[in-house]
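Below is structure-v5.cif, holding mmCIF, C-alpha atoms.
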```cif
data_upload
loop_
_atom_site.label_atom_id
_atom_site.label_comp_id
_atom_site.auth_asym_id
_atom_site.auth_seq_id
_atom_site.Cartn_x
_atom_site.Cartn_y
_atom_site.Cartn_z
CA MET M 411 -18.11 -136.92 -165.19
CA LYS M 412 -16.25 -133.80 -166.18
CA LYS M 413 -18.41 -131.30 -168.05
CA LEU M 414 -17.55 -128.14 -169.91
CA LEU M 415 -19.21 -124.95 -168.79
CA MET M 416 -21.17 -123.76 -171.77
CA THR M 417 -23.06 -120.49 -171.89
CA GLY M 418 -26.49 -119.21 -170.94
CA VAL M 419 -29.06 -121.70 -169.74
CA ALA M 420 -26.58 -124.55 -170.04
CA ALA M 421 -24.26 -122.91 -167.50
CA VAL M 422 -27.05 -122.68 -164.96
CA ALA M 423 -27.99 -126.30 -165.54
CA LEU M 424 -24.43 -127.44 -165.03
CA ALA M 425 -23.68 -125.24 -162.03
CA GLY M 426 -24.40 -127.92 -159.50
CA THR M 427 -22.62 -130.74 -161.32
CA ILE M 428 -19.27 -129.44 -162.52
CA ASN M 429 -16.21 -130.74 -160.72
CA MET M 430 -12.99 -128.88 -160.15
CA ALA M 431 -10.86 -130.77 -162.66
CA SER M 432 -9.19 -128.63 -165.27
CA ALA M 433 -7.98 -129.32 -168.74
CA ALA M 434 -7.78 -127.56 -172.06
CA VAL M 435 -10.99 -127.57 -174.07
CA PRO M 436 -11.15 -129.49 -177.35
CA ALA M 437 -10.24 -127.63 -180.51
CA GLU M 438 -13.85 -127.71 -181.71
CA VAL M 439 -14.95 -125.89 -178.55
CA ALA M 440 -12.17 -123.30 -178.86
CA ASP M 441 -13.28 -122.81 -182.45
CA ARG M 442 -16.53 -121.29 -181.17
CA LEU M 443 -14.56 -118.22 -180.09
CA GLY M 444 -15.24 -115.43 -182.54
CA LYS M 445 -18.34 -117.22 -183.79
CA ASP M 446 -21.30 -117.86 -181.47
CA LEU M 447 -18.99 -116.81 -178.63
CA THR M 448 -17.05 -113.56 -178.59
CA PRO M 449 -13.25 -113.86 -178.83
CA LEU M 450 -13.13 -113.86 -175.01
CA GLY M 451 -15.92 -116.40 -174.50
CA ALA M 452 -19.07 -114.34 -173.90
CA GLU M 453 -22.34 -115.07 -175.66
CA GLN M 454 -22.23 -113.20 -178.95
CA ALA M 455 -26.01 -112.89 -179.18
CA GLY M 456 -28.18 -110.57 -177.13
CA ASN M 457 -31.00 -111.68 -174.89
CA ALA M 458 -34.55 -112.59 -175.90
CA ASP M 459 -36.20 -109.19 -175.40
CA GLY M 460 -33.32 -107.14 -176.79
CA SER M 461 -32.52 -105.35 -173.52
CA ILE M 462 -29.02 -106.82 -173.83
CA PRO M 463 -27.73 -106.32 -177.40
CA ALA M 464 -25.47 -108.58 -179.41
CA TRP M 465 -21.74 -107.93 -179.10
CA THR M 466 -20.53 -106.38 -182.37
CA GLY M 467 -16.89 -105.69 -181.58
CA GLY M 468 -17.10 -103.09 -178.85
CA ILE M 469 -15.92 -99.49 -179.00
CA THR M 470 -12.56 -99.15 -180.75
CA GLN M 471 -12.55 -95.52 -181.89
CA PRO M 472 -12.52 -92.39 -179.72
CA PRO M 473 -15.44 -89.97 -179.94
CA ALA M 474 -14.98 -87.02 -182.27
CA GLY M 475 -12.93 -84.27 -180.71
CA TRP M 476 -11.25 -86.35 -178.02
CA LYS M 477 -7.47 -85.91 -177.81
CA LYS M 478 -5.07 -88.63 -176.69
CA GLY M 479 -3.50 -87.87 -173.32
CA THR M 480 -6.66 -86.23 -171.94
CA HIS M 481 -9.36 -87.69 -169.73
CA TYR M 482 -11.78 -89.99 -171.51
CA VAL M 483 -15.07 -88.37 -172.46
CA ASP M 484 -18.45 -90.05 -172.38
CA PRO M 485 -19.44 -91.34 -175.85
CA PHE M 486 -23.01 -91.71 -174.57
CA SER M 487 -23.48 -88.39 -172.83
CA SER M 488 -26.80 -87.83 -174.60
CA ASP M 489 -28.33 -91.02 -173.18
CA ALA M 490 -31.14 -90.58 -170.68
CA PRO M 491 -32.02 -93.19 -168.02
CA LEU M 492 -34.57 -95.79 -169.10
CA TYR M 493 -35.76 -96.13 -165.50
CA THR M 494 -34.57 -95.66 -161.94
CA ILE M 495 -34.46 -98.35 -159.26
CA THR M 496 -35.18 -97.15 -155.72
CA GLY M 497 -36.16 -98.71 -152.43
CA GLN M 498 -39.79 -98.07 -153.35
CA ASN M 499 -39.81 -100.13 -156.60
CA LEU M 500 -37.14 -102.61 -155.49
CA ASP M 501 -39.38 -105.67 -155.76
CA GLN M 502 -39.87 -105.08 -159.50
CA HIS M 503 -36.12 -105.48 -160.08
CA ARG M 504 -34.97 -107.72 -157.24
CA ASP M 505 -34.20 -110.69 -159.52
CA LYS M 506 -31.60 -108.61 -161.40
CA LEU M 507 -29.77 -107.19 -158.38
CA SER M 508 -27.06 -108.50 -156.08
CA ALA M 509 -27.63 -108.93 -152.35
CA GLY M 510 -25.43 -105.91 -151.71
CA GLN M 511 -27.34 -103.71 -154.14
CA ILE M 512 -30.58 -104.73 -152.44
CA ALA M 513 -29.10 -103.91 -149.03
CA MET M 514 -27.99 -100.44 -150.16
CA LEU M 515 -31.41 -99.69 -151.67
CA THR M 516 -33.10 -100.88 -148.51
CA ARG M 517 -30.93 -99.05 -145.98
CA HIS M 518 -30.42 -95.69 -147.71
CA ASN M 519 -33.46 -93.77 -148.89
CA THR M 520 -31.13 -91.56 -150.95
CA TYR M 521 -29.59 -94.51 -152.81
CA LYS M 522 -30.85 -95.14 -156.34
CA MET M 523 -29.72 -96.82 -159.54
CA ASP M 524 -30.27 -95.04 -162.85
CA VAL M 525 -30.46 -97.71 -165.56
CA TYR M 526 -29.43 -96.81 -169.12
CA GLN M 527 -29.42 -98.52 -172.49
CA SER M 528 -27.08 -101.51 -172.38
CA ARG M 529 -24.02 -101.08 -174.57
CA ARG M 530 -21.50 -103.89 -174.91
CA THR M 531 -18.51 -101.63 -175.41
CA CYS M 532 -15.71 -103.94 -174.27
CA ALA M 533 -13.01 -104.35 -176.90
CA ASN M 534 -9.46 -105.64 -176.67
CA THR M 535 -6.58 -105.94 -179.11
CA GLU M 536 -6.54 -108.43 -181.94
CA ALA M 537 -3.40 -109.97 -180.44
CA SER M 538 -5.28 -110.71 -177.22
CA TYR M 539 -8.16 -112.30 -179.15
CA GLN M 540 -5.79 -114.58 -181.01
CA ARG M 541 -4.00 -115.54 -177.83
CA ALA M 542 -7.27 -116.25 -175.98
CA LYS M 543 -8.06 -118.94 -178.54
CA GLU M 544 -4.62 -120.47 -178.04
CA ASN M 545 -5.00 -120.26 -174.27
CA ALA M 546 -8.31 -122.12 -174.47
CA ILE M 547 -6.46 -125.14 -175.82
CA SER M 548 -3.26 -124.92 -173.76
CA ALA M 549 -4.11 -123.32 -170.38
CA ARG M 550 -4.37 -125.39 -167.21
CA LEU M 551 -4.77 -124.94 -163.48
CA GLU M 552 -1.70 -125.76 -161.43
CA GLU M 553 -1.24 -126.92 -157.82
CA GLY M 554 -4.89 -127.49 -156.95
CA GLY M 555 -6.02 -124.33 -158.66
CA ASN M 556 -3.50 -122.00 -157.01
CA GLY M 557 -1.75 -121.17 -160.25
CA VAL M 558 -2.10 -121.14 -164.02
CA GLY M 559 0.17 -122.66 -166.66
CA GLY M 560 0.14 -122.74 -170.43
CA ALA M 561 -1.30 -119.23 -170.83
CA ILE M 562 -0.04 -115.70 -171.45
CA LEU M 563 -1.31 -112.21 -172.29
CA THR M 564 -5.06 -112.56 -171.75
CA THR M 565 -8.01 -114.63 -170.54
CA PRO M 566 -6.61 -118.11 -169.82
CA PHE M 567 -9.95 -119.97 -169.85
CA PRO M 568 -12.40 -118.30 -172.27
CA VAL M 569 -14.59 -121.42 -172.08
CA PRO M 570 -14.15 -122.32 -168.39
CA ASN M 571 -14.61 -125.70 -166.78
CA ASN M 572 -15.13 -124.54 -163.19
CA ALA M 573 -15.29 -121.62 -160.77
CA LEU M 574 -11.53 -121.38 -160.19
CA GLU M 575 -10.99 -120.92 -163.90
CA VAL M 576 -13.61 -118.13 -163.85
CA ALA M 577 -11.78 -116.48 -160.91
CA TRP M 578 -8.44 -116.69 -162.73
CA ASN M 579 -10.06 -115.18 -165.82
CA HIS M 580 -10.73 -112.11 -163.69
CA MET M 581 -7.22 -111.97 -162.25
CA LEU M 582 -5.52 -112.56 -165.63
CA ARG M 583 -7.86 -110.62 -167.90
CA TYR M 584 -6.10 -108.59 -170.59
CA ARG M 585 -4.56 -105.32 -169.45
CA PRO M 586 -1.87 -103.17 -171.10
CA PHE M 587 1.76 -104.03 -170.42
CA GLN M 588 2.80 -100.75 -168.72
CA ILE M 589 0.36 -98.52 -166.82
CA ALA M 590 1.10 -95.31 -164.90
CA ALA M 591 -1.85 -94.01 -162.91
CA GLN M 592 -2.28 -91.36 -160.26
CA SER M 593 -5.54 -91.87 -158.38
CA VAL M 594 -7.25 -91.10 -155.10
CA ASN M 595 -8.74 -93.18 -152.29
CA ILE M 596 -11.37 -91.47 -150.18
CA ILE M 597 -12.84 -92.74 -146.92
CA PRO M 598 -15.46 -90.23 -145.82
CA THR M 599 -16.88 -89.92 -142.33
CA THR M 600 -20.55 -90.75 -141.84
CA GLY M 601 -21.17 -87.04 -142.29
CA GLY M 602 -19.37 -86.97 -145.65
CA SER M 603 -16.16 -85.09 -144.78
CA PHE M 604 -12.89 -86.51 -146.10
CA VAL M 605 -9.18 -86.09 -146.75
CA PRO M 606 -8.10 -87.62 -150.10
CA THR M 607 -5.20 -90.07 -150.19
CA VAL M 608 -3.29 -89.60 -153.45
CA VAL M 609 -1.33 -92.59 -154.75
CA GLN M 610 0.88 -92.99 -157.79
CA THR M 611 0.51 -96.57 -159.01
CA ASP M 612 3.02 -97.81 -161.59
CA THR M 613 2.25 -101.27 -162.92
CA ILE M 614 3.99 -103.66 -165.26
CA ILE M 615 1.65 -106.47 -166.25
CA ASN M 616 4.37 -109.02 -166.94
CA TYR M 617 1.71 -111.51 -168.04
CA SER M 618 0.83 -109.07 -170.87
CA ASN M 619 4.43 -108.52 -171.99
CA PRO M 620 4.24 -108.68 -175.80
CA ALA M 621 7.78 -110.05 -175.96
CA VAL M 622 6.87 -113.12 -173.90
CA LYS M 623 5.97 -116.23 -175.87
CA THR M 624 5.62 -118.89 -173.14
CA THR M 625 4.51 -119.03 -169.51
CA ALA M 626 7.99 -120.17 -168.46
CA GLU M 627 9.49 -116.85 -169.63
CA LEU M 628 7.47 -115.03 -166.96
CA ASN M 629 9.61 -116.56 -164.19
CA ASN M 630 6.40 -116.94 -162.19
CA ILE M 631 5.82 -113.17 -161.97
CA SER M 632 2.50 -112.03 -163.39
CA VAL M 633 2.52 -108.41 -162.15
CA TYR M 634 4.99 -105.86 -160.80
CA ILE M 635 3.18 -103.06 -158.98
CA LEU M 636 4.45 -100.06 -157.05
CA PHE M 637 2.22 -97.87 -154.84
CA ASN M 638 3.75 -94.52 -153.88
CA THR M 639 1.61 -92.45 -151.48
CA ILE M 640 1.91 -88.76 -152.35
CA ALA M 641 -0.62 -87.13 -149.99
CA PRO M 642 -1.69 -86.32 -147.32
CA ALA M 643 1.56 -85.27 -145.64
CA ARG M 644 1.20 -87.74 -142.77
CA LEU M 645 1.21 -90.65 -145.25
CA ALA M 646 3.45 -89.25 -147.98
CA GLY M 647 6.57 -91.24 -148.68
CA ASN M 648 5.10 -94.63 -147.78
CA VAL M 649 5.86 -96.96 -150.66
CA THR M 650 4.68 -100.52 -151.28
CA LEU M 651 6.21 -102.88 -153.84
CA VAL M 652 4.51 -106.13 -154.90
CA HIS M 653 5.68 -108.97 -157.13
CA GLU M 654 2.55 -111.00 -157.83
CA THR M 655 3.13 -114.63 -158.77
CA LEU M 656 1.34 -116.68 -161.38
CA ASN M 657 1.64 -119.93 -159.45
CA GLN M 658 0.96 -119.07 -155.81
CA ALA M 659 1.87 -122.56 -154.63
CA ALA M 660 5.27 -122.54 -156.34
CA GLY M 661 6.04 -119.11 -154.93
CA PRO M 662 3.76 -116.82 -152.93
CA ARG M 663 3.38 -113.10 -153.50
CA ASN M 664 6.46 -111.06 -152.53
CA ALA M 665 5.94 -107.60 -151.04
CA TRP M 666 8.05 -104.88 -149.43
CA GLN M 667 7.21 -101.60 -147.71
CA TYR M 668 9.25 -98.47 -147.15
CA SER M 669 8.34 -96.25 -144.21
CA PRO M 670 9.78 -92.73 -144.05
CA GLY M 671 9.45 -92.91 -140.26
CA THR M 672 12.01 -95.70 -139.99
CA ARG M 673 13.74 -95.09 -143.34
CA ARG M 674 13.84 -98.82 -143.79
CA VAL M 675 12.48 -101.28 -146.31
CA ARG M 676 10.85 -104.31 -144.74
CA ARG M 677 9.35 -107.41 -146.23
CA ALA M 678 5.56 -107.27 -145.99
CA PRO M 679 4.07 -110.77 -146.04
CA ASN M 680 0.90 -109.31 -144.48
CA ILE M 681 -0.11 -107.71 -147.80
CA SER M 682 -2.34 -110.65 -148.62
CA TYR M 683 -5.59 -112.37 -147.71
CA ASP M 684 -7.65 -110.62 -145.01
CA ASN M 685 -5.02 -108.23 -143.73
CA PRO M 686 -6.22 -104.60 -143.95
CA GLY M 687 -5.80 -103.11 -147.39
CA THR M 688 -3.29 -100.32 -147.96
CA ASN M 689 -4.84 -96.90 -147.25
CA SER M 690 -8.21 -98.50 -146.44
CA ASP M 691 -8.68 -97.56 -142.75
CA GLY M 692 -9.65 -101.18 -142.15
CA LEU M 693 -12.71 -101.00 -144.42
CA SER M 694 -11.24 -103.38 -146.98
CA THR M 695 -8.88 -106.35 -147.09
CA SER M 696 -5.72 -106.80 -149.15
CA ASP M 697 -7.40 -109.43 -151.32
CA SER M 698 -10.39 -107.15 -152.06
CA PHE M 699 -8.36 -104.77 -154.25
CA ASP M 700 -9.68 -105.02 -157.84
CA GLY M 701 -12.64 -107.05 -156.52
CA TYR M 702 -10.45 -110.04 -155.70
CA ASN M 703 -6.75 -110.79 -156.05
CA GLY M 704 -4.14 -113.25 -154.85
CA ALA M 705 -4.14 -116.91 -153.88
CA PRO M 706 -7.58 -118.55 -153.91
CA ASP M 707 -6.54 -121.42 -151.64
CA ARG M 708 -8.52 -120.52 -148.51
CA TYR M 709 -11.85 -120.98 -150.23
CA ASN M 710 -13.91 -123.61 -151.99
CA TRP M 711 -15.13 -122.14 -155.27
CA THR M 712 -18.47 -122.89 -156.93
CA VAL M 713 -20.17 -121.72 -160.12
CA LEU M 714 -23.77 -120.64 -159.48
CA GLY M 715 -24.48 -120.02 -163.16
CA LYS M 716 -25.12 -117.02 -165.38
CA ARG M 717 -27.87 -114.47 -165.11
CA GLU M 718 -28.79 -110.91 -166.05
CA GLN M 719 -27.86 -108.19 -163.55
CA HIS M 720 -27.70 -104.41 -163.37
CA ILE M 721 -24.04 -103.44 -163.06
CA ALA M 722 -22.07 -100.19 -163.20
CA TYR M 723 -20.98 -99.91 -166.83
CA ASN M 724 -19.61 -97.25 -169.17
CA ASN M 725 -19.03 -95.01 -166.15
CA TYR M 726 -17.24 -92.19 -167.95
CA LYS M 727 -19.01 -89.55 -165.87
CA THR M 728 -17.19 -90.61 -162.70
CA GLN M 729 -13.74 -89.79 -164.11
CA GLU M 730 -14.36 -86.86 -166.45
CA GLU M 731 -11.96 -83.97 -166.12
CA GLY M 732 -13.26 -81.17 -163.92
CA LEU M 733 -15.47 -83.36 -161.76
CA GLN M 734 -14.59 -82.58 -158.16
CA TYR M 735 -14.27 -85.29 -155.54
CA LYS M 736 -16.56 -83.33 -153.23
CA THR M 737 -19.29 -83.89 -155.83
CA ILE M 738 -18.68 -87.63 -155.95
CA ILE M 739 -18.45 -88.18 -152.19
CA GLN M 740 -21.70 -87.97 -150.24
CA PRO M 741 -22.75 -89.17 -146.77
CA GLY M 742 -23.50 -92.90 -146.82
CA HIS M 743 -22.70 -93.52 -150.49
CA VAL M 744 -21.27 -91.89 -153.60
CA GLN M 745 -23.37 -89.48 -155.65
CA GLN M 746 -25.53 -91.96 -157.53
CA ASP M 747 -26.43 -89.44 -160.24
CA LEU M 748 -22.91 -90.04 -161.59
CA VAL M 749 -23.13 -93.84 -161.77
CA ARG M 750 -24.51 -95.42 -164.92
CA TYR M 751 -26.06 -98.89 -164.60
CA GLU M 752 -26.78 -101.25 -167.48
CA LEU M 753 -28.27 -104.73 -167.76
CA HIS M 754 -25.59 -107.29 -168.64
CA ARG M 755 -25.09 -111.03 -168.39
CA VAL M 756 -22.79 -112.01 -165.56
CA TRP M 757 -21.09 -115.14 -164.33
CA GLN M 758 -21.95 -115.81 -160.70
CA ILE M 759 -19.38 -117.61 -158.56
CA GLU M 760 -19.19 -118.19 -154.83
CA ALA M 761 -16.22 -118.70 -152.52
CA THR M 762 -16.89 -120.40 -149.16
CA LEU M 763 -14.22 -120.59 -146.49
CA LYS M 764 -12.56 -124.00 -146.22
CA GLN M 765 -12.83 -125.87 -142.95
CA GLY M 766 -9.88 -124.89 -140.77
CA ALA M 767 -8.94 -121.89 -142.93
CA ARG M 768 -8.92 -118.36 -141.53
CA HIS M 769 -10.44 -115.27 -143.13
CA VAL M 770 -12.72 -112.47 -141.95
CA TYR M 771 -15.09 -113.27 -144.84
CA SER M 772 -16.77 -116.65 -144.52
CA ARG M 773 -18.40 -116.36 -147.94
CA ARG M 774 -17.94 -114.17 -150.99
CA ALA M 775 -20.38 -113.97 -153.89
CA PHE M 776 -19.07 -112.40 -157.09
CA SER M 777 -20.69 -111.33 -160.34
CA LEU M 778 -18.34 -111.06 -163.34
CA ASP M 779 -19.30 -109.28 -166.53
CA GLU M 780 -19.23 -111.85 -169.32
CA ASP M 781 -17.56 -109.51 -171.82
CA THR M 782 -14.69 -108.30 -169.62
CA TRP M 783 -14.28 -111.13 -167.07
CA SER M 784 -13.97 -108.33 -164.50
CA ILE M 785 -15.71 -108.60 -161.14
CA SER M 786 -18.62 -106.15 -161.22
CA THR M 787 -20.08 -106.74 -157.75
CA GLY M 788 -18.94 -108.65 -154.69
CA ASP M 789 -20.95 -109.49 -151.58
CA LEU M 790 -18.87 -110.28 -148.50
CA TYR M 791 -20.25 -112.21 -145.50
CA ASP M 792 -19.01 -112.31 -141.91
CA GLY M 793 -18.37 -115.34 -139.71
CA ARG M 794 -22.07 -115.57 -138.84
CA GLY M 795 -23.02 -115.76 -142.49
CA GLU M 796 -24.48 -112.23 -142.46
CA LEU M 797 -23.89 -109.75 -145.27
CA TRP M 798 -21.18 -107.38 -144.03
CA ARG M 799 -19.75 -105.49 -146.99
CA THR M 800 -20.50 -105.08 -150.67
CA GLN M 801 -18.27 -104.05 -153.58
CA GLU M 802 -19.06 -102.25 -156.80
CA VAL M 803 -16.54 -101.90 -159.63
CA TRP M 804 -17.12 -99.21 -162.26
CA GLN M 805 -16.32 -100.40 -165.77
CA GLY M 806 -15.54 -98.64 -169.00
CA SER M 807 -13.37 -98.82 -172.09
CA ALA M 808 -10.11 -97.10 -172.93
CA TYR M 809 -11.21 -96.83 -176.53
CA ASP M 810 -7.88 -95.64 -177.93
CA HIS M 811 -5.99 -98.79 -176.88
CA PRO M 812 -8.51 -100.59 -176.96
CA VAL M 813 -8.87 -102.26 -173.56
CA CYS M 814 -11.62 -102.82 -170.99
CA VAL M 815 -10.72 -100.95 -167.79
CA THR M 816 -12.05 -99.99 -164.38
CA PHE M 817 -12.83 -96.38 -163.50
CA GLY M 818 -13.05 -96.93 -159.75
CA GLN M 819 -14.23 -99.24 -156.99
CA VAL M 820 -16.50 -98.62 -154.02
CA ASP M 821 -16.57 -100.88 -150.95
CA TYR M 822 -19.54 -100.29 -148.64
CA ASP M 823 -19.65 -101.46 -145.03
CA ILE M 824 -23.37 -102.16 -144.68
CA ASP M 825 -23.61 -102.00 -140.89
CA ALA M 826 -21.13 -99.19 -140.24
CA ARG M 827 -22.67 -97.10 -143.04
CA ARG M 828 -19.17 -96.12 -144.15
CA TYR M 829 -17.38 -96.72 -147.42
CA ILE M 830 -14.14 -96.42 -149.31
CA ALA M 831 -14.09 -95.07 -152.87
CA GLY M 832 -10.87 -96.03 -154.64
CA GLY M 833 -9.27 -95.37 -158.00
CA LEU M 834 -10.86 -91.93 -158.43
CA ARG M 835 -9.01 -89.80 -160.96
CA SER M 836 -11.12 -86.89 -162.23
CA GLU M 837 -8.86 -84.35 -160.46
CA GLU M 838 -5.64 -86.21 -161.37
CA LYS M 839 -3.67 -86.45 -164.58
CA PRO M 840 -5.03 -88.99 -167.10
CA VAL M 841 -3.93 -92.62 -166.86
CA ASN M 842 -1.11 -93.57 -169.21
CA TYR M 843 -1.78 -97.04 -170.61
CA ASP M 844 1.40 -96.91 -172.73
CA ALA M 845 3.93 -96.02 -170.02
CA ALA M 846 7.08 -97.21 -171.78
CA GLU M 847 9.23 -95.46 -169.17
CA LEU M 848 8.34 -98.18 -166.64
CA GLN M 849 11.11 -100.77 -166.54
CA VAL M 850 11.47 -103.87 -164.37
CA ASP M 851 14.73 -102.67 -162.81
CA ARG M 852 12.71 -100.06 -160.86
CA TYR M 853 10.74 -102.74 -159.01
CA THR M 854 13.30 -103.53 -156.35
CA PRO M 855 13.57 -102.90 -152.58
CA ASP M 856 16.54 -100.61 -153.19
CA PHE M 857 14.58 -98.47 -155.65
CA ILE M 858 11.65 -97.92 -153.28
CA ARG M 859 14.09 -96.88 -150.55
CA ARG M 860 15.34 -94.13 -152.85
CA LEU M 861 11.81 -93.26 -153.98
CA GLY M 862 10.27 -92.98 -150.53
CA VAL M 863 11.61 -89.57 -149.53
CA ARG M 864 9.16 -87.38 -147.70
#
```

Can the structure in the file be given as structure tokens, please?
Amino acid sequence: MKKLLMTGVAAVALAGTINMASAAVPAEVADRLGKDLTPLGAEQAGNADGSIPAWTGGITQPPAGWKKGTHYVDPFSSDAPLYTITGQNLDQHRDKLSAGQIAMLTRHNTYKMDVYQSRRTCANTEASYQRAKENAISARLEEGGNGVGGAILTTPFPVPNNALEVAWNHMLRYRPFQIAAQSVNIIPTTGGSFVPTVVQTDTIINYSNPAVKTTAELNNISVYILFNTIAPARLAGNVTLVHETLNQAAGPRNAWQYSPGTRRVRRAPNISYDNPGTNSDGLSTSDSFDGYNGAPDRYNWTVLGKREQHIAYNNYKTQEEGLQYKTIIQPGHVQQDLVRYELHRVWQIEATLKQGARHVYSRRAFSLDEDTWSISTGDLYDGRGELWRTQEVWQGSAYDHPVCVTFGQVDYDIDARRYIAGGLRSEEKPVNYDAAELQVDRYTPDFIRRLGVR
């Protein structure tokens, strides 16, 4: 019998019994949004001991003195850690850590997690809240879960029925319509030396287009994204263009690449699944960008429930202006003094490789913050079922928009003791979340040919 995934203890109880059918929730369930549930479907109340507070609307006003167009400053800079988790006291906190966090604490005696007061700062626009309630009634999975219909703008399934709906909530969470961001990927050697890769990423979130009123108007394009590599010189001029589709079965992702070496634009169907990620030196896959992206069809998806977990949250320190990358990047792992961890409730979902399907990861275990629907941690297992890599996504809030955003992502290769830190921006110009200059007519193969001049 089909069951609705409710929150808290009920979600854990149902985790083993929910099927993969999908349908809109009844109006009386959607009516819980903005009441005992937040507008995006999280539990409004805090936890029993108060270590997780109630959600009261998030952070919607900039701190005093902050100026628009500058790097975000930390509203909680005066906070001191409540406690620090290390390899020595790991057992006291094991039940609130992911397998990857445990592995990092076990294998690196310099790795620690400073835990701060939990602050549920996520806030989105009123328009997205209103649309999330409409999506709850109208959204549906298409083509065996490989697409979404009946939803626009924001979270399609704020009260999800199954794990695929949870995964799509991550991929279609609310983000601003036009985003221009210059950021850096760094892949240090085991000794900590590195050469930054600077990338200009211009994104149109078509799914968030305020002019769109129905899913059909999207023409099956959820995102237009353009990656232009600026440095180092040996990579400069390489440009990648992606048209991400909303229904992957009706039309798969389209991608093109321009290489200054050949001065040609070629279709790039390999920018998907387990092919090496762009500028990743083979330490990450294409579908690991942003925690997870793209078609979910190679996996069986299961909800494991909800629980409390320490996740990287309100990480303003990692992107503050003036912070040098050489301070962030250390041998074996990033400088953990800069990473703020908080206790939050997370959805736990698992993807296991389908019989006969191919992927370098046989299993993936994700934790998604209940307030943002963003993947916070991901544990990636090899063909033997052994933990291979682990992901950590740094979360924060662009309080002037307002919107919940990511301030970076770190992918650790457990065995190789190497990592890739992506989306760093403290030495770059601030992200523009209102980049009105970005227009769809730029997102063509002909445009990237003209753009990719070394």

Task: the PyMOL selection byres ((chain M and resi 684) around 6) applied to the shown file, residues as number ranges by chain - done: M: 683, 685, 695-696, 769

- [ ] Taking the point (-6.4, -111.1, -164.2) as given in the file, collect each protein or nucleic acid residue that comes within 12 Å of it, counting all atoms listed in the file, and present the set as an MDAnalysis selection string.
- [x] chainID M and resid 557:558 561:567 575:586 615:618 632:633 654:656 699:704 778 782:785 814:815

Open item on the list: If we count only C-alpha atoms and set the cut-off at 9 Å, which residues sit around M:Ala808, ignoring sequence neighbours fewer than 2 positions away in its own chain? Please answer as a PyMOL selection string.
Closed with: chain M and resi 469-470+472+482+532-533+806+810-815+843

TODO: May I ask for the distance between atom CA of M:Thr712 and atom CA of M:Leu574, given in Å to one decimal place?
DONE: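 Straight-line distance from atom CA of M:Thr712 to atom CA of M:Leu574 works out to 7.8 Å.
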
- [ ] Grab the atom CA of M:Thr480 to atom CA of M:Glu731 distance for me, in Å with one decimal place.
- [x]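 Interatomic distance, atom CA of M:Thr480 to atom CA of M:Glu731: 8.2 Å.
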
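Note that atom CA of M:Ile614 and atom CA of M:Tyr853 are 9.2 Å apart.
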
TODO: Would you kindly return, as a count of residues only, each protein, DNA or RNA residue with an atom no farther than 9 Å from any atom of stretch 855-860 of chain M, considering only C-alpha atoms and excluding same-chain residues fewer than 4 positions away?
DONE: 16

Given 8 Å of margin on each side, can you work out the centre and size in Å (one decimal) of an axis-aligned box holding every listed atom of stretch 833-844 of chain M, as JSON?
```
{"center_x": -4.9, "center_y": -90.7, "center_z": -165.4, "size_x": 28.5, "size_y": 28.7, "size_z": 30.7}
```

Task: Expected selection from the PyMOL selection byres ((chain M and resi 726) around 12), given as a count of residues only - done: 34

Open item on the list: Nearest residue to M:Lys736 out of M:Pro642, M:Pro606, M:Gly793, M:Gly661, using all atoms listed in the file?
Closed with: M:Pro606

Task: Nearest-residue call for M:Thr466, choices M:Arg517, M:Gln540, M:Asp781, M:Phe637, using only C-alpha atoms - done: M:Asp781

Task: Residues matched by the PyMOL selection byres ((chain M and resi 794) around 12) as an NGL selection string - done: :M and (770-773 or 790-793 or 795-798)

- [ ] For M:Leu447, work out the shell of residues within 12 Å, counting all atoms listed in the file and skipping chain neighbours fewer than 5 positions away, then give it as a PyMOL selection string.
- [x] chain M and resi 416-418+439-442+452-456+464-467+539+543+568-569+780-781

Deliver the residues from the most recent selection as a file, using C-alpha atoms, as a compact mmCIF listing (two decimals), in the coordinates of the input.
```txt
# COMPACT_ATOMS: atom_id res chain seq x y z
CA MET M 416 -21.17 -123.76 -171.77
CA THR M 417 -23.06 -120.49 -171.89
CA GLY M 418 -26.49 -119.21 -170.94
CA VAL M 439 -14.95 -125.89 -178.55
CA ALA M 440 -12.17 -123.30 -178.86
CA ASP M 441 -13.28 -122.81 -182.45
CA ARG M 442 -16.53 -121.29 -181.17
CA ALA M 452 -19.07 -114.34 -173.90
CA GLU M 453 -22.34 -115.07 -175.66
CA GLN M 454 -22.23 -113.20 -178.95
CA ALA M 455 -26.01 -112.89 -179.18
CA GLY M 456 -28.18 -110.57 -177.13
CA ALA M 464 -25.47 -108.58 -179.41
CA TRP M 465 -21.74 -107.93 -179.10
CA THR M 466 -20.53 -106.38 -182.37
CA GLY M 467 -16.89 -105.69 -181.58
CA TYR M 539 -8.16 -112.30 -179.15
CA LYS M 543 -8.06 -118.94 -178.54
CA PRO M 568 -12.40 -118.30 -172.27
CA VAL M 569 -14.59 -121.42 -172.08
CA GLU M 780 -19.23 -111.85 -169.32
CA ASP M 781 -17.56 -109.51 -171.82
```

- [ ] Kindly indicate which residue among M:Ala474, M:Ala549, M:Ile721, M:Val820 lies nearest to M:His754, using only C-alpha atoms for the distances.
- [x]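 The closest residue to M:His754 is M:Ile721.
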
TODO: Kindly indicate which residue among M:Asn664, M:Gln719, M:Gln740, M:Ser528 lies nearest to M:Thr600, using all atoms listed in the file for the distances.
DONE: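 Closest to M:Thr600 of all the choices is M:Gln740.
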